[in-house]
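Down below is the structure, laid out as structure tokens.
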2 protein chains.
Amino acid sequence: MLNQARKEFNIVKGIAPNVSQETLFNNKRKVFLFGSPSYTNIGDQAIAYAEEKFIKNCFPYYEYIEIMDYATEEGIKLVKKIIEADDVVCFTGGGNLGSLYLDIEEDRRKVIESFKDYRTIVFPQSAFFEDTAEGQAEKKKSQDAYNKNPNLTLVARENQTLKILKDTFQANVLYTPDMVLSLSIEPRDLEREGVLFVLRADKEKVTEESFVSDLMNLVGKDNSVERTDTVLSEVEVIDYADRETYFLKTLDKMGSKKLIITDRLHAMIFSIITKTPCLVFGNSYGKAKHSYNDWLHELSFIEYTDNKDLHDIPAIIDRLQKAEPNKIDVKEDFQVLKAFFRG
Amino acid sequence: MLNQARKEFNIVKGIAPNVSQETLFNNKRKVFLFGSPSYTNIGDQAIAYAEEKFIKNCFPYYEYIEIMDYATEEGIKLVKKIIEADDVVCFTGGGNLGSLYLDIEEDRRKVIESFKDYRTIVFPQSAFFEDTAEGQAEKKKSQDAYNKNPNLTLVARENQTLKILKDTFQANVLYTPDMVLSLSIEPRDLEREGVLFVLRADKEKVTEESFVSDLMNLVGKDNSVERTDTVLSEVEVIDYADRETYFLKTLDKMGSKKLIITDRLHAMIFSIITKTPCLVFGNSYGKAKHSYNDWLHELSFIEYTDNKDLHDIPAIIDRLQKAEPNKIDVKEDFQVLKAFFRG
């Protein structure tokens, strides 16, 4: 039966990698996740990991079925054939809603348009459309696509995005922290050594290289320093099966450092999970800054700063390293998302 | 390699049913769960389900390997061959520590003795040794076995058991709620109809049949009534692969009732998860009573009573059904257990 279905329904690689393909045809209520990342941004991988845990922990009676980003077209065709009235269509969260990552934005538009008659949700996102002719043209395209779906819910992961989404789209808009903050991982107790710089090399980067090298020299006087990014370069693809391994490896890397210095939202979040002191600088449109200010500023061992005066930084680092890592509970802030999936 | 290992190590059915058998031989730190139930008590099945979620959510970097109750002997032999110094040996939780369920108590003694050189933990339990010559003889046997293990931690799920365990054994003793209360399941929104009596038919039963039939007649005047137990009789075995299905089916059964009347601890806990009003009577040694008093008495829609005056019960039921189901957060009460597994 399944061999025939595979042919008939064109079940290609990347469709339902997280379950046995039989589940596509059972009679359970289904939650489909589109846009499941195969690229090597560990922040986005961790988000997909957290989305799966969230649904499986809170709604074990749903069948949760992922469709990898590279199988979006075939996935849409297949899901259209099997979807039932009360199923839910999701697009993965992240910081890519807008004009900066058009391949992903185009996939999101397609999914939202294709399933306009079904409950559709975009997991917690940061949104940014550039204030250029091109950026605004892309915004118009997204508006056209999203507004075709009267059953659409968007989730903003900080206040700045909440405003953008409400001002831009007709969709219902919810507000929660980044999905990775919904995880319950207890940090492994590792020996700590050295300082890790986790820095962007992409179009969102605003931290000048001269400042980075000055800071690395400064910190390097008393510490071993190393530089990396949460986008891995040693592999080209991270498929579903390898997601947990790479995510946990990254957590271990951060959790074995005395200090993280970063402009990456998820390096900050991984520092929180691993209780590693972390100094955070901004990206081009405030992803880390706004998540920090909206949800995380009470953390004693994490600090966001726009201050790039090298004279001030040693005191900040000293304060972070001396702080007793405290906990904040943002679990309750996911209630609105639970209410959505209960509905 | 694995076929050879299967022969060499005698990997029989019931060993590692939750993972691929290769994981027995990888280099990750391992948590072994012994006593994983194959019998049809859905309370104990839900406990094992919750234990797995707990370890996988909080400690995803450990390899969590179950050994079914029927494979205890072979499991001990195998684990002795592959266990490493920092691995952890667990025995499943429940309400069976003591002299009432000797097959399980004997397995527990064997596991605790066999792994005396390794960190060993018994998940949250209720303990009860009968105050008879036989009961006290069994207590002595358990003391002899448990006290051979200087690395043993026992977890009590209510205060009464905490005292018994501290008075009886040399082990380190922790105190947490029943593991099922660590789950994050959001109740399915089901239509509710009728009243379900969930009543023991075992040696712990103290609710007289005459009272039960009077109460069923009374409640049956205005409602459809049905009687069942959380020990299923329609199947003989529930293996790992079917655990979630039967557990969720039981949740649905409870969640589609207007009221549960029970003397089962886990019928009370399933009522909490599904937000179903629930009136609770006692068993022979206070399992439900003490869990209720120690952790759950603030719940508006759940009430424990020893009152068996039929004139008083309609008012109690009325109060429970009118109450707006509230939430209590016992998640923080599992911190000591998290600390144990971090160690």
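Numbering starts fresh at 1 for the residues of each chain in the structure tokens, the chains themselves are lettered A, B, ... in the order given, and ligands are numbered from 1 as they appear.
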Could you give me, as a compact mmCIF listing (two decimals) with N, CA and C atoms, in the first residue's frame, the residues within 8 Å of A:Thr153, counting only C-alpha atoms and dropping anything in the same chain fewer than 2 positions from it?
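After the write, out.txt holds the following:
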# COMPACT_ATOMS: atom_id res chain seq x y z
N ARG A 119 -6.44 26.36 8.96
CA ARG A 119 -5.76 27.12 9.99
C ARG A 119 -4.26 27.08 9.72
N THR A 120 -3.67 28.26 9.62
CA THR A 120 -2.28 28.38 9.21
C THR A 120 -1.57 29.27 10.21
N ILE A 121 -0.37 28.87 10.61
CA ILE A 121 0.36 29.69 11.59
C ILE A 121 1.83 29.76 11.22
N VAL A 122 2.40 30.94 11.40
CA VAL A 122 3.84 31.11 11.29
C VAL A 122 4.39 31.19 12.71
N ASN A 151 -7.39 32.66 7.43
CA ASN A 151 -7.21 31.78 8.60
C ASN A 151 -5.78 31.82 9.12
N VAL A 155 3.06 34.88 14.54
CA VAL A 155 3.54 35.06 15.91
C VAL A 155 4.82 35.89 15.88
N ALA A 171 -3.59 39.46 9.18
CA ALA A 171 -3.63 38.23 9.99
C ALA A 171 -3.83 38.52 11.47
N ASN A 172 -4.29 37.50 12.18
CA ASN A 172 -4.28 37.49 13.63
C ASN A 172 -2.81 37.43 14.08
N VAL A 173 -2.42 38.24 15.07
CA VAL A 173 -1.02 38.25 15.49
C VAL A 173 -0.89 37.91 16.97
N LEU A 174 -0.04 36.94 17.29
CA LEU A 174 0.24 36.57 18.68
C LEU A 174 1.66 37.03 19.04
(Q) Using only C-alpha atoms, which protein or nucleic acid residues come within 7 Å of A:Ala288? Drop anything in the same chain fewer than 4 positions from it, and give the result as a list of chain:residue names. (A)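 The filter keeps A:Arg264, A:Leu265, A:Gly282, A:Tyr292.
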Which neighbours of B:Glu66 fall inside 7 Å, counting only C-alpha atoms, when residues of the same chain fewer than 4 positions from it are skipped, and could you give them as a PDB file with all heavy atoms, in the first residue's frame?
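Contents of around-v3.pdb, freshly written:
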ATOM      1  N   ILE B  15      14.568  -5.577  25.773  1.00  0.00           N
ATOM      2  CA  ILE B  15      15.758  -4.771  26.072  1.00  0.00           C
ATOM      3  C   ILE B  15      15.858  -3.679  25.020  1.00  0.00           C
ATOM      4  O   ILE B  15      15.867  -3.964  23.826  1.00  0.00           O
ATOM      5  CB  ILE B  15      17.031  -5.641  26.086  1.00  0.00           C
ATOM      6  CG1 ILE B  15      16.976  -6.620  27.267  1.00  0.00           C
ATOM      7  CG2 ILE B  15      18.293  -4.780  26.139  1.00  0.00           C
ATOM      8  CD1 ILE B  15      18.178  -7.533  27.378  1.00  0.00           C
ATOM      9  N   ALA B  16      15.888  -2.442  25.462  1.00  0.00           N
ATOM     10  CA  ALA B  16      16.030  -1.286  24.567  1.00  0.00           C
ATOM     11  C   ALA B  16      14.913  -1.192  23.523  1.00  0.00           C
ATOM     12  O   ALA B  16      15.179  -0.948  22.354  1.00  0.00           O
ATOM     13  CB  ALA B  16      17.405  -1.300  23.893  1.00  0.00           C
ATOM     14  N   PRO B  17      13.650  -1.357  23.934  1.00  0.00           N
ATOM     15  CA  PRO B  17      12.559  -1.268  22.957  1.00  0.00           C
ATOM     16  C   PRO B  17      12.345   0.148  22.433  1.00  0.00           C
ATOM     17  O   PRO B  17      11.697   0.341  21.412  1.00  0.00           O
ATOM     18  CB  PRO B  17      11.334  -1.720  23.763  1.00  0.00           C
ATOM     19  CG  PRO B  17      11.652  -1.318  25.171  1.00  0.00           C
ATOM     20  CD  PRO B  17      13.130  -1.564  25.307  1.00  0.00           C
ATOM     21  N   ASN B  18      12.906   1.140  23.147  1.00  0.00           N
ATOM     22  CA  ASN B  18      12.652   2.548  22.810  1.00  0.00           C
ATOM     23  C   ASN B  18      13.722   3.175  21.932  1.00  0.00           C
ATOM     24  O   ASN B  18      13.610   4.334  21.559  1.00  0.00           O
ATOM     25  CB  ASN B  18      12.527   3.377  24.094  1.00  0.00           C
ATOM     26  CG  ASN B  18      13.810   3.395  24.897  1.00  0.00           C
ATOM     27  OD1 ASN B  18      14.459   2.365  25.060  1.00  0.00           O
ATOM     28  ND2 ASN B  18      14.195   4.551  25.397  1.00  0.00           N
ATOM     29  N   PHE B  32      19.739   3.983  32.267  1.00  0.00           N
ATOM     30  CA  PHE B  32      18.969   2.754  32.054  1.00  0.00           C
ATOM     31  C   PHE B  32      17.728   2.779  32.933  1.00  0.00           C
ATOM     32  O   PHE B  32      17.822   3.041  34.130  1.00  0.00           O
ATOM     33  CB  PHE B  32      19.818   1.532  32.425  1.00  0.00           C
ATOM     34  CG  PHE B  32      21.053   1.365  31.578  1.00  0.00           C
ATOM     35  CD1 PHE B  32      22.301   1.753  32.068  1.00  0.00           C
ATOM     36  CD2 PHE B  32      20.975   0.833  30.298  1.00  0.00           C
ATOM     37  CE1 PHE B  32      23.447   1.612  31.296  1.00  0.00           C
ATOM     38  CE2 PHE B  32      22.125   0.682  29.522  1.00  0.00           C
ATOM     39  CZ  PHE B  32      23.362   1.081  30.025  1.00  0.00           C
ATOM     40  N   LEU B  33      16.571   2.497  32.337  1.00  0.00           N
ATOM     41  CA  LEU B  33      15.353   2.375  33.143  1.00  0.00           C
ATOM     42  C   LEU B  33      14.950   0.910  33.239  1.00  0.00           C
ATOM     43  O   LEU B  33      14.552   0.303  32.234  1.00  0.00           O
ATOM     44  CB  LEU B  33      14.186   3.150  32.529  1.00  0.00           C
ATOM     45  CG  LEU B  33      12.910   2.975  33.371  1.00  0.00           C
ATOM     46  CD1 LEU B  33      12.907   3.952  34.544  1.00  0.00           C
ATOM     47  CD2 LEU B  33      11.642   3.116  32.553  1.00  0.00           C
ATOM     48  N   PHE B  34      15.030   0.359  34.448  1.00  0.00           N
ATOM     49  CA  PHE B  34      14.537  -1.003  34.675  1.00  0.00           C
ATOM     50  C   PHE B  34      13.078  -0.960  35.150  1.00  0.00           C
ATOM     51  O   PHE B  34      12.603   0.063  35.645  1.00  0.00           O
ATOM     52  CB  PHE B  34      15.402  -1.711  35.722  1.00  0.00           C
ATOM     53  CG  PHE B  34      16.679  -2.268  35.156  1.00  0.00           C
ATOM     54  CD1 PHE B  34      17.846  -1.509  35.154  1.00  0.00           C
ATOM     55  CD2 PHE B  34      16.714  -3.549  34.604  1.00  0.00           C
ATOM     56  CE1 PHE B  34      19.026  -2.014  34.630  1.00  0.00           C
ATOM     57  CE2 PHE B  34      17.891  -4.064  34.077  1.00  0.00           C
ATOM     58  CZ  PHE B  34      19.048  -3.293  34.088  1.00  0.00           C
ATOM     59  N   SER B  36      10.403  -1.187  33.365  1.00  0.00           N
ATOM     60  CA  SER B  36       9.448  -0.537  32.451  1.00  0.00           C
ATOM     61  C   SER B  36       8.226  -1.454  32.295  1.00  0.00           C
ATOM     62  O   SER B  36       8.360  -2.605  31.882  1.00  0.00           O
ATOM     63  CB  SER B  36      10.140  -0.287  31.115  1.00  0.00           C
ATOM     64  OG  SER B  36       9.284   0.421  30.258  1.00  0.00           O
TER      65      SER B  36
END
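In plain terms, chain B touches chain A through Asn57, Cys58, Phe59, Tyr61, Ser184, Ile185, Glu186, Arg188, Leu248 and Arg342 of chain B, where touching means an atom at most 7 Å away, counting only C-alpha atoms.
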Saved selection, atoms kept: C-alpha atoms, as a PDB file, in the first residue's frame:
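Writing the result to again33.pdb gives the following:
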ATOM      1  CA  ASN B  57      13.425  16.895  27.471  1.00  0.00           C
ATOM      2  CA  CYS B  58      15.872  17.803  30.227  1.00  0.00           C
ATOM      3  CA  PHE B  59      18.860  15.625  29.339  1.00  0.00           C
ATOM      4  CA  TYR B  61      22.517  14.366  25.629  1.00  0.00           C
ATOM      5  CA  SER B 184       2.924  19.270  29.771  1.00  0.00           C
ATOM      6  CA  ILE B 185      -0.042  17.781  27.939  1.00  0.00           C
ATOM      7  CA  GLU B 186      -2.713  20.294  26.954  1.00  0.00           C
ATOM      8  CA  ARG B 188      -8.062  17.974  24.066  1.00  0.00           C
ATOM      9  CA  LEU B 248      -3.932   8.909  25.359  1.00  0.00           C
ATOM     10  CA  ARG B 342      22.799  16.638  36.345  1.00  0.00           C
TER      11      ARG B 342
END
Quick one: residues within 9 Å of stretch 301-311 of chain B, only C-alpha atoms, excluding same-chain residues fewer than 3 positions away - as a PDB file with C-alpha atoms, in the first residue's frame?
ATOM      1  CA  PHE B 211     -21.497   2.123  48.918  1.00  0.00           C
ATOM      2  CA  ASP B 214     -25.695   3.262  46.255  1.00  0.00           C
ATOM      3  CA  LEU B 215     -23.529   6.059  44.867  1.00  0.00           C
ATOM      4  CA  LEU B 218     -27.684   8.270  43.279  1.00  0.00           C
ATOM      5  CA  MET B 268      -7.267  11.795  39.812  1.00  0.00           C
ATOM      6  CA  SER B 271      -8.654  14.297  35.683  1.00  0.00           C
ATOM      7  CA  ILE B 272      -6.229  17.104  36.469  1.00  0.00           C
ATOM      8  CA  LYS B 275      -9.595  19.408  33.581  1.00  0.00           C
ATOM      9  CA  THR B 276     -12.376  17.009  34.545  1.00  0.00           C
ATOM     10  CA  PRO B 277     -14.082  17.476  37.941  1.00  0.00           C
ATOM     11  CA  CYS B 278     -13.092  14.565  40.151  1.00  0.00           C
ATOM     12  CA  LEU B 279     -14.174  13.202  43.513  1.00  0.00           C
ATOM     13  CA  VAL B 280     -11.575  10.937  45.121  1.00  0.00           C
ATOM     14  CA  PHE B 281     -11.914   8.254  47.778  1.00  0.00           C
ATOM     15  CA  GLY B 282      -9.077   6.373  49.480  1.00  0.00           C
ATOM     16  CA  ALA B 288      -4.386   9.239  46.526  1.00  0.00           C
ATOM     17  CA  LYS B 289      -5.108  10.945  49.847  1.00  0.00           C
ATOM     18  CA  TYR B 292      -3.808  15.141  47.180  1.00  0.00           C
ATOM     19  CA  ASN B 293      -3.000  16.664  50.558  1.00  0.00           C
ATOM     20  CA  LEU B 296      -2.944  19.015  44.906  1.00  0.00           C
ATOM     21  CA  HIS B 297      -5.411  20.325  47.488  1.00  0.00           C
ATOM     22  CA  GLU B 298      -5.493  23.796  45.918  1.00  0.00           C
ATOM     23  CA  PRO B 314     -24.420  15.719  45.972  1.00  0.00           C
ATOM     24  CA  ALA B 315     -23.281  19.063  47.422  1.00  0.00           C
ATOM     25  CA  ILE B 316     -19.612  18.128  46.944  1.00  0.00           C
ATOM     26  CA  ARG B 319     -19.304  22.320  44.009  1.00  0.00           C
ATOM     27  CA  LEU B 320     -16.727  20.462  41.875  1.00  0.00           C
ATOM     28  CA  GLN B 321     -18.777  20.797  38.713  1.00  0.00           C
ATOM     29  CA  LYS B 322     -19.350  24.507  39.244  1.00  0.00           C
ATOM     30  CA  ALA B 323     -15.674  25.243  39.931  1.00  0.00           C
ATOM     31  CA  GLU B 324     -13.660  26.940  37.206  1.00  0.00           C
ATOM     32  CA  PRO B 325     -10.760  24.474  36.669  1.00  0.00           C
ATOM     33  CA  ASN B 326      -7.635  26.164  38.010  1.00  0.00           C
TER      34      ASN B 326
END
| query | Hey, which of A:Lys166, A:Lys253, A:Arg109, A:His266 ends up closest to A:Arg200? Count only C-alpha atoms. | reply |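 Ranking A:Lys166, A:Lys253, A:Arg109, A:His266 by distance to A:Arg200, first place goes to A:His266.
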### Message
Show me, as a list in words, the residues that have an atom within 12 Å of B:Ser142 when counting only C-alpha atoms, minus same-chain residues fewer than 6 positions from it.
### Response
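Skipping anything fewer than 6 positions along the chain leaves Leu97, Gly98, Ser99, Leu102, Ile104, Glu105, Glu106, Asp107, Arg108, Arg109, Lys110, Val111, Ile112, Glu113, Ala127, Phe128, Phe129, Gly135, Gln136, Lys148, Asn149, Leu165, Thr168, Phe169, Gln170 and Ala171 of chain B.
Proximity ranking of B:Leu196, B:Tyr49, B:Gly286, B:Ile83 relative to B:Ser256 places B:Leu196 first, based on only C-alpha atoms.
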- Name the closest residue to B:Ile11 among the candidates B:Glu51, B:Glu63, B:Glu130, B:Glu74; distances are taken between atoms, counting only C-alpha atoms.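 Of all the options, B:Glu74 lies closest to B:Ile11.
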Set the distance at 10 Å and use only C-alpha atoms: which residues neighbour A:Phe9 once local chain neighbours fewer than 2 positions away are removed? I'd like the list as a PDB file with N, CA and C atoms, in the first residue's frame.
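New file selection24.pdb:
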ATOM      1  N   LEU A   2       1.930   1.238   0.875  1.00  0.00           N
ATOM      2  CA  LEU A   2       2.728   2.446   1.001  1.00  0.00           C
ATOM      3  C   LEU A   2       3.580   2.678  -0.254  1.00  0.00           C
ATOM      4  N   ASN A   3       4.068   1.584  -0.854  1.00  0.00           N
ATOM      5  CA  ASN A   3       4.846   1.739  -2.086  1.00  0.00           C
ATOM      6  C   ASN A   3       4.007   2.390  -3.171  1.00  0.00           C
ATOM      7  N   GLN A   4       2.758   1.960  -3.247  1.00  0.00           N
ATOM      8  CA  GLN A   4       1.848   2.538  -4.236  1.00  0.00           C
ATOM      9  C   GLN A   4       1.601   4.015  -3.909  1.00  0.00           C
ATOM     10  N   ALA A   5       1.363   4.280  -2.619  1.00  0.00           N
ATOM     11  CA  ALA A   5       1.118   5.660  -2.190  1.00  0.00           C
ATOM     12  C   ALA A   5       2.325   6.540  -2.487  1.00  0.00           C
ATOM     13  N   ARG A   6       3.522   5.978  -2.267  1.00  0.00           N
ATOM     14  CA  ARG A   6       4.729   6.761  -2.523  1.00  0.00           C
ATOM     15  C   ARG A   6       4.769   7.242  -3.964  1.00  0.00           C
ATOM     16  N   LYS A   7       4.363   6.336  -4.874  1.00  0.00           N
ATOM     17  CA  LYS A   7       4.331   6.714  -6.284  1.00  0.00           C
ATOM     18  C   LYS A   7       3.179   7.677  -6.550  1.00  0.00           C
ATOM     19  N   ILE A  11       5.873  10.951  -2.727  1.00  0.00           N
ATOM     20  CA  ILE A  11       6.495  11.225  -1.431  1.00  0.00           C
ATOM     21  C   ILE A  11       8.013  11.220  -1.591  1.00  0.00           C
ATOM     22  N   VAL A  12       8.569  12.391  -1.846  1.00  0.00           N
ATOM     23  CA  VAL A  12      10.020  12.490  -2.088  1.00  0.00           C
ATOM     24  C   VAL A  12      10.748  12.645  -0.754  1.00  0.00           C
ATOM     25  N   GLU A  74       6.875  19.907  -3.544  1.00  0.00           N
ATOM     26  CA  GLU A  74       6.276  18.570  -3.531  1.00  0.00           C
ATOM     27  C   GLU A  74       5.429  18.395  -2.276  1.00  0.00           C
ATOM     28  N   GLY A  75       5.905  19.011  -1.176  1.00  0.00           N
ATOM     29  CA  GLY A  75       5.173  18.912   0.082  1.00  0.00           C
ATOM     30  C   GLY A  75       3.807  19.571  -0.011  1.00  0.00           C
ATOM     31  N   LYS A  77       2.002  20.012  -2.672  1.00  0.00           N
ATOM     32  CA  LYS A  77       1.133  19.165  -3.519  1.00  0.00           C
ATOM     33  C   LYS A  77       0.599  17.979  -2.733  1.00  0.00           C
ATOM     34  N   LEU A  78       1.476  17.323  -2.004  1.00  0.00           N
ATOM     35  CA  LEU A  78       1.058  16.139  -1.238  1.00  0.00           C
ATOM     36  C   LEU A  78       0.062  16.514  -0.137  1.00  0.00           C
ATOM     37  N   VAL A  79       0.412  17.540   0.638  1.00  0.00           N
ATOM     38  CA  VAL A  79      -0.441  17.897   1.777  1.00  0.00           C
ATOM     39  C   VAL A  79      -1.825  18.334   1.282  1.00  0.00           C
ATOM     40  N   LYS A  81      -3.460  17.076  -0.997  1.00  0.00           N
ATOM     41  CA  LYS A  81      -4.254  15.870  -1.268  1.00  0.00           C
ATOM     42  C   LYS A  81      -4.766  15.192   0.000  1.00  0.00           C
ATOM     43  N   ILE A  82      -4.009  15.320   1.093  1.00  0.00           N
ATOM     44  CA  ILE A  82      -4.375  14.526   2.276  1.00  0.00           C
ATOM     45  C   ILE A  82      -4.940  15.360   3.433  1.00  0.00           C
TER      46      ILE A  82
END
